[in-house]
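Source file: data.txt; contents: compact mmCIF, C-alpha atoms and all ligand atoms.
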# COMPACT_ATOMS: atom_id res chain seq x y z
CA MET A 1 134.50 38.36 100.50
CA GLU A 2 132.75 41.47 99.22
CA TYR A 3 134.41 44.43 97.51
CA ILE A 4 133.53 48.07 98.11
CA THR A 5 131.26 49.19 95.27
CA GLY A 6 130.44 52.57 93.78
CA ALA A 7 127.32 53.81 92.00
CA THR A 8 127.00 55.14 88.45
CA ALA A 9 124.76 58.06 87.47
CA SER A 10 122.08 55.61 86.39
CA GLY A 11 122.22 53.74 89.70
CA GLY A 12 124.31 50.85 88.44
CA SER A 13 127.10 49.49 90.59
CA TRP A 14 130.79 49.11 89.78
CA ILE A 15 133.91 48.03 91.66
CA PRO A 16 136.41 50.87 92.21
CA THR A 17 140.15 50.19 92.12
CA PHE A 18 141.92 52.23 94.80
CA VAL A 19 145.53 53.34 94.59
CA VAL A 20 147.84 51.05 96.54
CA ARG A 21 151.36 52.18 95.63
CA SER A 22 153.70 53.61 93.07
CA ASN A 23 157.25 52.39 92.61
CA ILE A 24 159.57 55.35 93.05
CA ASN A 25 162.42 53.59 91.28
CA ASP A 26 160.37 53.26 88.09
CA CYS A 27 158.75 56.72 88.21
CA GLY A 28 159.57 58.91 85.23
CA CYS A 29 158.56 62.02 87.19
CA CYS A 30 156.28 63.22 84.38
CA GLY A 31 153.64 64.54 86.80
CA LYS A 32 150.76 63.02 84.83
CA CYS A 33 149.22 61.19 87.81
CA PHE A 34 149.42 64.39 89.87
CA LYS A 35 147.49 66.28 87.18
CA ILE A 36 144.97 63.49 86.57
CA CYS A 37 144.02 62.96 90.20
CA GLY A 38 141.44 65.35 91.57
CA ARG A 39 141.76 64.06 95.12
CA SER A 40 145.22 65.31 96.19
CA VAL A 41 146.55 61.79 96.67
CA PHE A 42 150.01 62.25 95.13
CA GLU A 43 153.00 64.31 96.19
CA TYR A 44 156.45 64.92 94.76
CA ILE A 45 159.28 63.95 97.07
CA ASP A 46 163.04 63.92 96.76
CA HIS A 47 164.29 60.57 95.50
CA PRO A 48 166.02 58.77 98.40
CA ASP A 49 169.20 58.80 96.29
CA SER A 50 168.61 62.38 95.26
CA ASP A 51 172.20 63.44 95.91
CA ASP A 52 173.50 60.83 93.44
CA LEU A 53 170.75 61.61 90.92
CA CYS A 54 171.23 65.37 90.53
CA GLY A 55 168.37 66.26 92.88
CA ALA A 56 165.84 63.95 91.21
CA LYS A 57 162.23 64.03 92.43
CA VAL A 58 159.68 61.22 92.24
CA MET A 59 155.94 60.87 92.80
CA THR A 60 154.66 59.13 95.88
CA VAL A 61 151.24 58.13 97.21
CA LYS A 62 150.92 60.57 100.09
CA HIS A 63 147.20 60.46 100.93
CA PRO A 64 145.70 57.12 99.85
CA GLU A 65 142.80 57.79 102.23
CA ASN A 66 141.53 60.45 99.78
CA CYS A 67 141.30 58.03 96.83
CA ILE A 68 137.87 57.36 95.36
CA GLY A 69 139.04 54.42 93.26
CA CYS A 70 138.59 55.81 89.76
CA GLY A 71 141.79 54.11 88.54
CA ALA A 72 142.64 56.99 86.20
CA CYS A 73 146.18 57.43 87.57
CA ALA A 74 147.11 53.82 86.80
CA ARG A 75 145.64 54.02 83.31
CA GLY A 76 147.43 57.31 82.62
CA CYS A 77 150.90 56.48 83.92
CA PRO A 78 153.17 56.01 80.91
CA LYS A 79 155.51 53.83 82.98
CA LYS A 80 152.74 51.49 84.22
CA ASN A 81 154.06 52.35 87.64
CA ILE A 82 150.90 52.74 89.72
CA VAL A 83 149.00 49.86 91.28
CA CYS A 84 145.26 50.19 91.92
CA GLU A 85 143.18 47.37 93.40
CA PRO A 86 139.64 46.74 94.65
CA LYS A 87 139.22 46.92 98.42
CA VAL A 88 137.42 44.34 100.52
CA ARG A 89 134.50 45.78 102.44
CA VAL A 90 135.08 45.64 106.20
CA GLY A 91 132.18 45.22 108.61
S1 LIG B 101 142.46 56.07 91.58
FE1 LIG B 101 141.62 58.10 91.00
S2 LIG B 101 141.24 59.15 92.98
FE2 LIG B 101 142.60 57.41 93.38
S3 LIG B 101 144.66 58.24 93.32
FE3 LIG B 101 144.20 57.46 91.25
S4 LIG B 101 143.35 59.21 90.11
FE4 LIG B 101 143.30 59.73 92.31
S1 LIG B 102 152.41 59.20 85.92
FE1 LIG B 102 153.78 57.51 86.48
S2 LIG B 102 155.79 58.11 85.74
FE2 LIG B 102 154.51 59.97 85.77
S3 LIG B 102 154.91 60.93 87.80
FE3 LIG B 102 153.11 59.57 88.02
S4 LIG B 102 153.98 57.60 88.75
FE4 LIG B 102 155.66 58.79 87.88

If you convert what's in this file into structure tokens, what do you get?
Ligand code: SF4
Ligand code: SF4
Amino acid sequence: MEYITGATASGGSWIPTFVVRSNINDCGCCGKCFKICGRSVFEYIDHPDSDDLCGAKVMTVKHPENCIGCGACARGCPKKNIVCEPKVRVG
């Protein structure tokens, strides 16, 4: 099994951790991950129980295909709510 690797500026290699999911029930809706991510991966949505929660919104992983695996969103989430993992190289 071989993980997808990235390259550093000096040509070294590292293993990116790509966003897998966020748990909407634990999201504090602070918007930090949205601001941190430069790849337009996240999007605010209405909480599924929005009507009972005064119109609450939560962050969701909308475009995981745009993720470059920097892991910054997971490190920055104050609720430890975002999961990032290495990806196995296919083919
Ligand atoms: S790992 Fe990096 S690129 Fe991927 S969603 Fe998080 S902040 Fe964006
Ligand atoms: S940083 Fe964490 S708590 Fe804040 S909006 Fe993103 S997932 Fe929710």

Distance criterion (only C-alpha atoms): nearest to Cys27 (chain A) out of A:Arg39, A:Arg75, A:Lys87, A:His47: A:His47

Proximity check chain A to ligand LIG 101 (chain B), 6 Å, nearest pairs one decimal Å, only C-alpha atoms and all ligand atoms, as a tab-separated table:
residue	atom	partner	partner_atom	distance
A:Phe18	CA	B:LIG101	S1	5.0
A:Val19	CA	B:LIG101	S1	5.1
A:Ile36	CA	B:LIG101	S4	5.8
A:Cys37	CA	B:LIG101	S4	3.8
A:Gly38	CA	B:LIG101	FE4	6.0
A:Arg39	CA	B:LIG101	S2	5.4
A:Val41	CA	B:LIG101	S3	5.2
A:Cys67	CA	B:LIG101	FE2	3.7
A:Ile68	CA	B:LIG101	S2	4.5
A:Gly69	CA	B:LIG101	S1	4.2
A:Cys70	CA	B:LIG101	FE1	4.0
A:Gly71	CA	B:LIG101	S1	3.7
A:Ala72	CA	B:LIG101	S4	4.6
A:Cys73	CA	B:LIG101	FE3	4.2

Residues at most 7 Å from ligand LIG 102 (chain B), using only C-alpha atoms and all ligand atoms? Could they come as an MDAnalysis selection string? chainID A and resid 22 27:34 58:59 73 76:82

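Here CA of Glu85 (chain A) and CA of Val20 (chain A) stand 6.7 Å from one another.
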
Restricting the calculation to only C-alpha atoms, which member of A:Met1, A:Val61, A:Ala74, A:Ala56 is positioned closest to Thr17 (chain A)? A:Ala74

Atomic separation - CA of Arg89 (chain A) relative to CA of Ser13 (chain A), Å: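 Interatomic distance here is 14.5 Å.
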
As an exercise, work out the distance from CA of Asn23 (chain A) to CA of Glu2 (chain A) in Å and give it to one decimal place.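 Atom-to-atom, CA of Asn23 (chain A) and CA of Glu2 (chain A) are spaced 27.6 Å apart.
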
Using all atoms of region 63-77 of chain A that appear in the file, construct an axis-aligned enclosing box with 4 Å of padding on every side and provide its centre coordinates and edge lengths in Å, rounded to one decimal, as AutoDock Vina command-line options.
--center_x 144.4 --center_y 57.1 --center_z 92.4 --size_x 21.0 --size_y 14.6 --size_z 27.6
